[in-house]
>>> print(open('input-v4.txt').read())   # compact mmCIF, C-alpha atoms
# COMPACT_ATOMS: atom_id res chain seq x y z
CA MET A 1 92.91 165.75 26.06
CA ARG A 2 90.13 168.31 25.93
CA GLU A 3 89.36 168.08 29.65
CA MET A 4 90.83 166.01 32.45
CA PRO A 5 88.97 162.67 32.37
CA VAL A 6 87.39 161.54 35.61
CA ASP A 7 89.17 158.18 35.60
CA VAL A 8 92.89 157.51 35.48
CA LYS A 9 92.63 154.88 32.72
CA SER A 10 91.07 157.38 30.31
CA LEU A 11 93.52 160.09 31.36
CA ILE A 12 96.49 157.84 30.60
CA GLN A 13 95.00 156.62 27.31
CA GLU A 14 94.34 160.15 26.04
CA GLY A 15 97.79 161.31 27.14
CA ALA A 16 99.40 158.34 25.39
CA GLU A 17 97.51 159.07 22.17
CA LEU A 18 98.55 162.72 22.26
CA THR A 19 102.15 161.67 22.85
CA ASP A 20 102.07 159.17 20.00
CA ARG A 21 100.79 161.81 17.58
CA ALA A 22 103.61 164.13 18.62
CA LEU A 23 106.19 161.36 18.26
CA GLU A 24 104.84 160.46 14.84
CA ALA A 25 105.34 164.05 13.71
CA LEU A 26 108.72 164.55 15.37
CA LEU A 27 110.55 161.38 14.33
CA PRO A 28 111.80 161.05 10.73
CA GLY A 29 109.85 158.53 8.66
CA VAL A 30 111.30 155.25 7.42
CA GLU A 31 111.47 156.71 3.93
CA THR A 32 113.98 159.31 5.14
CA VAL A 33 117.61 158.44 4.39
CA PRO A 34 119.28 156.66 6.13
CA ALA A 35 116.20 154.49 6.39
CA SER A 36 117.73 151.86 8.69
CA ILE A 37 118.32 154.21 11.61
CA HIS A 38 114.87 155.78 11.36
CA GLY A 39 113.27 152.35 11.18
CA ALA A 40 115.15 151.31 14.31
CA MET A 41 114.19 154.47 16.18
CA ARG A 42 110.53 153.96 15.34
CA HIS A 43 110.65 150.23 16.05
CA SER A 44 111.53 150.87 19.68
CA THR A 45 109.58 154.10 20.17
CA PHE A 46 106.31 152.58 18.99
CA ALA A 47 106.78 149.20 20.67
CA GLY A 48 103.82 149.69 23.01
CA GLY A 49 104.99 151.78 25.96
CA LYS A 50 102.50 153.18 28.48
CA ARG A 51 103.79 156.79 28.01
CA LEU A 52 103.71 157.29 31.78
CA ARG A 53 106.40 159.99 31.79
CA PRO A 54 104.75 162.19 29.13
CA VAL A 55 101.39 161.82 30.88
CA LEU A 56 102.95 162.95 34.17
CA ALA A 57 104.54 165.95 32.43
CA MET A 58 101.26 166.94 30.79
CA GLN A 59 99.17 166.53 33.92
CA ALA A 60 101.67 168.53 35.97
CA ALA A 61 101.27 171.29 33.38
CA VAL A 62 97.47 171.04 33.64
CA THR A 63 97.72 171.31 37.42
CA ILE A 64 99.63 174.59 37.12
CA ALA A 65 97.90 176.15 34.09
CA GLY A 66 94.39 174.82 34.62
CA LYS A 67 94.37 173.40 31.08
CA LEU A 68 96.73 171.67 28.69
CA PRO A 69 99.28 174.30 27.55
CA LYS A 70 99.95 174.57 23.82
CA GLY A 71 102.86 172.40 22.70
CA VAL A 72 103.36 170.54 25.97
CA GLU A 73 102.97 167.24 24.13
CA ARG A 74 106.34 167.96 22.49
CA LEU A 75 107.91 168.05 25.95
CA GLY A 76 106.32 164.69 26.70
CA ALA A 77 107.49 163.27 23.39
CA ALA A 78 111.08 164.38 24.04
CA ILE A 79 111.02 162.73 27.46
CA GLU A 80 109.68 159.53 25.88
CA MET A 81 112.52 159.59 23.34
CA LEU A 82 115.01 159.72 26.20
CA HIS A 83 113.24 156.87 27.97
CA THR A 84 113.27 154.80 24.77
CA TYR A 85 116.96 155.46 24.15
CA SER A 86 117.72 154.15 27.64
CA LEU A 87 115.72 150.98 26.97
CA ILE A 88 117.50 150.32 23.66
CA HIS A 89 120.87 150.61 25.37
CA ASP A 90 119.78 148.63 28.44
CA ASP A 91 118.80 145.72 26.18
CA LEU A 92 122.19 145.56 24.42
CA PRO A 93 124.38 142.44 24.84
CA ALA A 94 126.92 144.46 26.82
CA LEU A 95 124.28 145.41 29.40
CA ASP A 96 121.15 143.33 30.08
CA ASN A 97 121.33 141.29 26.84
CA ASP A 98 117.57 141.02 26.32
CA ASP A 99 116.00 139.56 23.18
CA LEU A 100 112.47 140.81 23.84
CA ARG A 101 111.01 144.12 24.96
CA ARG A 102 107.24 144.33 25.51
CA GLY A 103 106.85 141.04 23.66
CA LYS A 104 108.70 142.23 20.55
CA PRO A 105 112.29 141.75 19.36
CA THR A 106 114.62 144.28 20.94
CA CYS A 107 116.26 146.87 18.71
CA HIS A 108 119.60 145.07 18.40
CA VAL A 109 117.87 141.79 17.56
CA ALA A 110 115.80 143.41 14.83
CA PHE A 111 118.40 145.79 13.38
CA GLY A 112 121.82 144.66 14.62
CA GLU A 113 123.89 145.91 17.50
CA ALA A 114 125.57 148.81 15.66
CA ILE A 115 122.30 150.32 14.41
CA ALA A 116 120.72 149.83 17.85
CA ILE A 117 123.51 151.79 19.53
CA LEU A 118 123.15 154.57 16.97
CA ALA A 119 119.34 154.52 17.26
CA GLY A 120 119.64 155.15 21.00
CA ASP A 121 122.13 157.94 20.36
CA ALA A 122 119.88 159.44 17.70
CA LEU A 123 116.81 159.43 19.97
CA GLN A 124 118.80 161.22 22.64
CA THR A 125 120.04 163.94 20.28
CA ARG A 126 116.60 164.36 18.71
CA ALA A 127 115.08 164.71 22.17
CA TYR A 128 117.33 167.64 23.04
CA GLU A 129 116.68 169.22 19.65
CA VAL A 130 112.94 169.09 20.44
CA LEU A 131 113.48 170.40 23.97
CA ALA A 132 115.49 173.35 22.65
CA GLY A 133 112.54 174.35 20.46
CA LEU A 134 109.78 174.16 23.10
CA GLU A 135 107.07 176.84 22.99
CA ALA A 136 107.95 178.28 26.38
CA PRO A 137 109.87 181.33 27.66
CA PRO A 138 113.62 180.95 26.99
CA ALA A 139 114.46 180.85 30.71
CA ALA A 140 112.00 178.02 31.22
CA VAL A 141 113.38 176.09 28.25
CA VAL A 142 116.95 176.41 29.54
CA GLN A 143 115.85 175.27 33.00
CA ILE A 144 113.96 172.28 31.58
CA VAL A 145 116.91 171.22 29.41
CA GLY A 146 119.28 171.46 32.36
CA LEU A 147 117.06 169.48 34.72
CA ILE A 148 116.40 166.72 32.19
CA ALA A 149 120.11 166.48 31.34
CA GLN A 150 120.88 166.12 35.05
CA ALA A 151 118.16 163.48 35.50
CA THR A 152 119.59 161.38 32.69
CA GLY A 153 123.22 161.84 33.76
CA THR A 154 125.69 160.11 36.04
CA VAL A 155 125.14 161.81 39.42
CA ASP A 156 121.83 160.57 40.86
CA GLY A 157 120.59 160.20 37.28
CA MET A 158 119.54 157.47 34.89
CA ILE A 159 122.99 156.57 33.57
CA GLY A 160 124.46 156.55 37.07
CA GLY A 161 121.70 154.22 38.18
CA GLN A 162 122.44 151.86 35.31
CA VAL A 163 126.11 151.80 36.31
CA LEU A 164 125.18 150.99 39.91
CA ASP A 165 122.91 148.22 38.63
CA LEU A 166 125.67 146.73 36.45
CA GLU A 167 128.33 146.90 39.13
CA SER A 168 126.12 145.35 41.80
CA GLU A 169 125.09 142.26 39.80
CA HIS A 170 127.46 139.98 41.70
CA THR A 171 127.19 141.59 45.12
CA LYS A 172 124.74 141.05 47.92
CA PRO A 173 122.03 143.73 47.66
CA THR A 174 121.22 146.01 50.55
CA PRO A 175 118.03 148.07 50.94
CA GLN A 176 120.09 151.24 50.55
CA LEU A 177 121.68 150.05 47.28
CA VAL A 178 118.37 148.89 45.80
CA GLU A 179 116.75 152.23 46.67
CA ALA A 180 119.69 154.16 45.18
CA ILE A 181 119.48 152.18 41.93
CA HIS A 182 115.73 152.68 41.57
CA ARG A 183 115.84 156.36 42.51
CA ALA A 184 118.47 157.03 39.85
CA LYS A 185 117.83 154.51 37.07
CA THR A 186 114.03 154.82 37.05
CA GLY A 187 112.92 157.49 39.50
CA ALA A 188 114.99 160.42 38.24
CA LEU A 189 113.33 160.61 34.82
CA ILE A 190 109.87 160.11 36.32
CA ARG A 191 110.50 162.86 38.87
CA VAL A 192 111.84 165.33 36.30
CA SER A 193 108.84 164.66 34.06
CA VAL A 194 106.57 166.15 36.73
CA VAL A 195 108.91 169.05 37.45
CA ALA A 196 109.48 169.89 33.77
CA GLY A 197 105.75 169.83 33.05
CA GLY A 198 105.16 172.30 35.87
CA ILE A 199 107.94 174.61 34.71
CA TYR A 200 106.61 174.51 31.14
CA ALA A 201 103.27 175.75 32.45
CA GLY A 202 104.89 178.57 34.42
CA ALA A 203 105.32 177.06 37.87
CA SER A 204 107.49 178.96 40.33
CA ALA A 205 109.91 177.27 42.74
CA GLU A 206 107.25 177.46 45.44
>>> encode(input="input-v4.txt", output="structure tokens")
Amino acid sequence: MREMPVDVKSLIQEGAELTDRALEALLPGVETVPASIHGAMRHSTFAGGKRLRPVLAMQAAVTIAGKLPKGVERLGAAIEMLHTYSLIHDDLPALDNDDLRRGKPTCHVAFGEAIAILAGDALQTRAYEVLAGLEAPPAAVVQIVGLIAQATGTVDGMIGGQVLDLESEHTKPTPQLVEAIHRAKTGALIRVSVVAGGIYAGASAE
């Protein structure tokens, strides 16, 4: 991402490639013991996602800084790890019970339910380890970690949205319920990607 491409397709493609390189460097290889968990983490992380959230984080940073700040791809990679962990857990038999994700076997189908649960857990913990080491002022790092934790939590966050989704499966949906589910389960992590990217680049509250 040398300069902002003039078309969105190129912008997303370059952002995805930058994110994938960061993820490749940040995730343990399959030769690292225990190999099974690292294989499972990589299986789901590199299953063909669009990397929308990292791209939003990086472009928010570009908007504030005027260029791509050094190390911001690590922020995007951490956010993508959190997104992937949520997908692994969503696919589990106890939740959505899906056999395929993006045309490929889901993590629990490929590696077993126990390893899939642990792979999701491991991606979440690795994400926060990466966030804690971001190349940004300490106050900004603390703020980013707090906002992302809130966005993935139970109150108006990703996990809370998943709970609402589960508990409403056998009830008649209302527009208010559907909006609440989407705002929390999907929207919260997308929204915080933009905010975190701006903060990383030095954005003020205004």
>>> residues_around(input="input-v4.txt", residues="A:Val145", least_positions_apart="6", cutoff="10 Å", atoms="all atoms listed in the file", output="MDAnalysis selection string")
chainID A and resid 127:129 131:132 134 151 196
>>> atom_distance(input="input-v4.txt", atom1="atom CA of A:Ile79", atom2="atom CA of A:Val130")
9.7 Å
>>> closest_atom_pairs(input="input-v4.txt", of="stretch 4-89 of chain A", to="stretch 159-165 of chain A", cutoff="12 Å", atoms="all atoms listed in the file", output="tab-separated table")
residue	atom	partner	partner_atom	distance
A:Leu82	CA	A:Ile159	CA	11.3
A:His83	CA	A:Ile159	CA	11.2
A:Tyr85	CA	A:Ile159	CA	11.2
A:Ser86	CA	A:Ile159	CA	8.3
A:Leu87	CA	A:Gln162	CA	10.7
A:His89	CA	A:Gln162	CA	10.1
>>> residues_around(input="input-v4.txt", residues="A:Val62", least_positions_apart="5", cutoff="9 Å", atoms="all atoms listed in the file", output="short mmCIF file (atom, residue, chain, number, x, y, z; two decimals) with C-alpha atoms, in the frame of the given file")
data_model
loop_
_atom_site.label_atom_id
_atom_site.label_comp_id
_atom_site.auth_asym_id
_atom_site.auth_seq_id
_atom_site.Cartn_x
_atom_site.Cartn_y
_atom_site.Cartn_z
CA MET A 4 90.83 166.01 32.45
CA ALA A 57 104.54 165.95 32.43
CA LYS A 67 94.37 173.40 31.08
CA LEU A 68 96.73 171.67 28.69
CA PRO A 69 99.28 174.30 27.55
CA GLY A 197 105.75 169.83 33.05
CA GLY A 198 105.16 172.30 35.87
CA ALA A 201 103.27 175.75 32.45
#
>>> closest_residue(input="input-v4.txt", among="A:Leu52, A:Thr125, A:His43, A:Glu31", to="A:Gly15", atoms="all atoms listed in the file")
A:Leu52
>>> residues_near_point(input="input-v4.txt", point="(102.9, 162.7, 25.8)", cutoff="12 Å", atoms="all atoms listed in the file", output="PyMOL selection string")
chain A and resi 1+11-24+49-61+68+71-81+193+197
>>> atom_distance(input="input-v4.txt", atom1="atom CA of A:Thr84", atom2="atom CA of A:Thr45")
5.9 Å
>>> atom_distance(input="input-v4.txt", atom1="atom CA of A:Pro137", atom2="atom CA of A:Tyr200")
8.3 Å
>>> residues_around(input="input-v4.txt", residues="A:Glu113", least_positions_apart="5", cutoff="10 Å", atoms="only C-alpha atoms", output="list in words")
Ile88, His89, Leu92, Pro93, Ala94, Cys107, His108, Leu118 and Ala119 of chain A
>>> closest_residue(input="input-v4.txt", among="A:Thr106, A:Thr186, A:Gln124, A:Ser44", to="A:Ala149", atoms="all atoms listed in the file")
A:Gln124
>>> closest_residue(input="input-v4.txt", among="A:Ala188, A:Ala40, A:Ala136, A:Leu100", to="A:Gly153", atoms="all atoms listed in the file")
A:Ala188
>>> closest_residue(input="input-v4.txt", among="A:Gly187, A:Thr152, A:Asp91, A:His182", to="A:Gly112", atoms="only C-alpha atoms")
A:Asp91
>>> residues_around(input="input-v4.txt", residues="A:Gly39", least_positions_apart="4", cutoff="8 Å", atoms="only C-alpha atoms", output="mmCIF file with C-alpha atoms, in the coordinates of the input")
data_model
loop_
_atom_site.group_PDB
_atom_site.id
_atom_site.type_symbol
_atom_site.label_atom_id
_atom_site.label_comp_id
_atom_site.auth_asym_id
_atom_site.auth_seq_id
_atom_site.Cartn_x
_atom_site.Cartn_y
_atom_site.Cartn_z
ATOM 1 C CA GLY A 29 109.850 158.530 8.660
ATOM 2 C CA VAL A 30 111.300 155.250 7.420
ATOM 3 C CA ALA A 35 116.200 154.490 6.390
ATOM 4 C CA HIS A 43 110.650 150.230 16.050
#
>>> closest_residue(input="input-v4.txt", among="A:Ile64, A:Ala205, A:Ala25, A:Ile37", to="A:Asp121", atoms="only C-alpha atoms")
A:Ile37
>>> closest_residue(input="input-v4.txt", among="A:Ser168, A:Gly120, A:His38, A:Ala184", to="A:Gln150", atoms="all atoms listed in the file")
A:Ala184
>>> decode(input="input-v4.txt", residues="stretch 92-157 of chain A", atoms="C-alpha atoms", output="CSV table (one decimal), in the first residue's frame")
chain,number,residue,atom,x,y,z
A,92,LEU,CA,-19.3,-25.1,16.4
A,93,PRO,CA,-22.0,-27.7,16.8
A,94,ALA,CA,-23.2,-25.9,20.0
A,95,LEU,CA,-23.8,-22.7,18.0
A,96,ASP,CA,-24.5,-22.6,14.3
A,97,ASN,CA,-23.2,-26.1,13.5
A,98,ASP,CA,-21.8,-25.4,10.1
A,99,ASP,CA,-19.7,-27.8,8.1
A,100,LEU,CA,-18.4,-25.3,5.6
A,101,ARG,CA,-16.9,-21.8,5.8
A,102,ARG,CA,-16.0,-20.0,2.6
A,103,GLY,CA,-16.3,-23.3,0.7
A,104,LYS,CA,-13.9,-25.1,3.0
A,105,PRO,CA,-14.4,-27.5,6.0
A,106,THR,CA,-14.9,-25.5,9.2
A,107,CYS,CA,-12.3,-25.8,11.9
A,108,HIS,CA,-14.1,-28.4,14.0
A,109,VAL,CA,-14.7,-30.5,10.9
A,110,ALA,CA,-11.1,-30.5,9.9
A,111,PHE,CA,-9.5,-30.7,13.4
A,112,GLY,CA,-12.1,-31.8,15.8
A,113,GLU,CA,-14.3,-29.9,18.2
A,114,ALA,CA,-11.8,-29.6,21.1
A,115,ILE,CA,-9.0,-28.3,18.9
A,116,ALA,CA,-11.4,-25.8,17.2
A,117,ILE,CA,-12.5,-24.4,20.6
A,118,LEU,CA,-8.8,-24.0,21.6
A,119,ALA,CA,-7.9,-22.5,18.2
A,120,GLY,CA,-10.5,-19.8,18.7
A,121,ASP,CA,-9.2,-19.2,22.2
A,122,ALA,CA,-5.6,-19.1,21.0
A,123,LEU,CA,-6.4,-16.6,18.2
A,124,GLN,CA,-8.1,-14.3,20.8
A,125,THR,CA,-5.2,-14.4,23.2
A,126,ARG,CA,-2.6,-13.9,20.4
A,127,ALA,CA,-4.6,-10.9,19.2
A,128,TYR,CA,-4.4,-9.2,22.5
A,129,GLU,CA,-0.7,-10.0,22.7
A,130,VAL,CA,-0.2,-8.3,19.4
A,131,LEU,CA,-2.3,-5.3,20.4
A,132,ALA,CA,-0.3,-4.8,23.6
A,133,GLY,CA,2.9,-4.5,21.5
A,134,LEU,CA,1.6,-2.0,18.9
A,135,GLU,CA,4.0,0.7,17.8
A,136,ALA,CA,2.0,3.5,19.2
A,137,PRO,CA,2.1,5.8,22.3
A,138,PRO,CA,1.2,3.8,25.4
A,139,ALA,CA,-2.0,5.8,26.0
A,140,ALA,CA,-3.2,5.1,22.5
A,141,VAL,CA,-2.4,1.3,22.9
A,142,VAL,CA,-4.4,1.2,26.1
A,143,GLN,CA,-7.3,3.0,24.6
A,144,ILE,CA,-7.3,0.7,21.5
A,145,VAL,CA,-7.1,-2.5,23.7
A,146,GLY,CA,-10.0,-1.2,25.8
A,147,LEU,CA,-12.2,-0.3,22.9
A,148,ILE,CA,-11.6,-3.6,21.0
A,149,ALA,CA,-12.3,-5.6,24.2
A,150,GLN,CA,-15.6,-3.7,24.6
A,151,ALA,CA,-16.5,-4.3,21.0
A,152,THR,CA,-16.0,-8.0,21.3
A,153,GLY,CA,-17.7,-8.3,24.7
A,154,THR,CA,-21.2,-8.9,26.0
A,155,VAL,CA,-22.7,-5.4,26.3
A,156,ASP,CA,-23.4,-4.1,22.7
A,157,GLY,CA,-20.5,-6.3,21.5
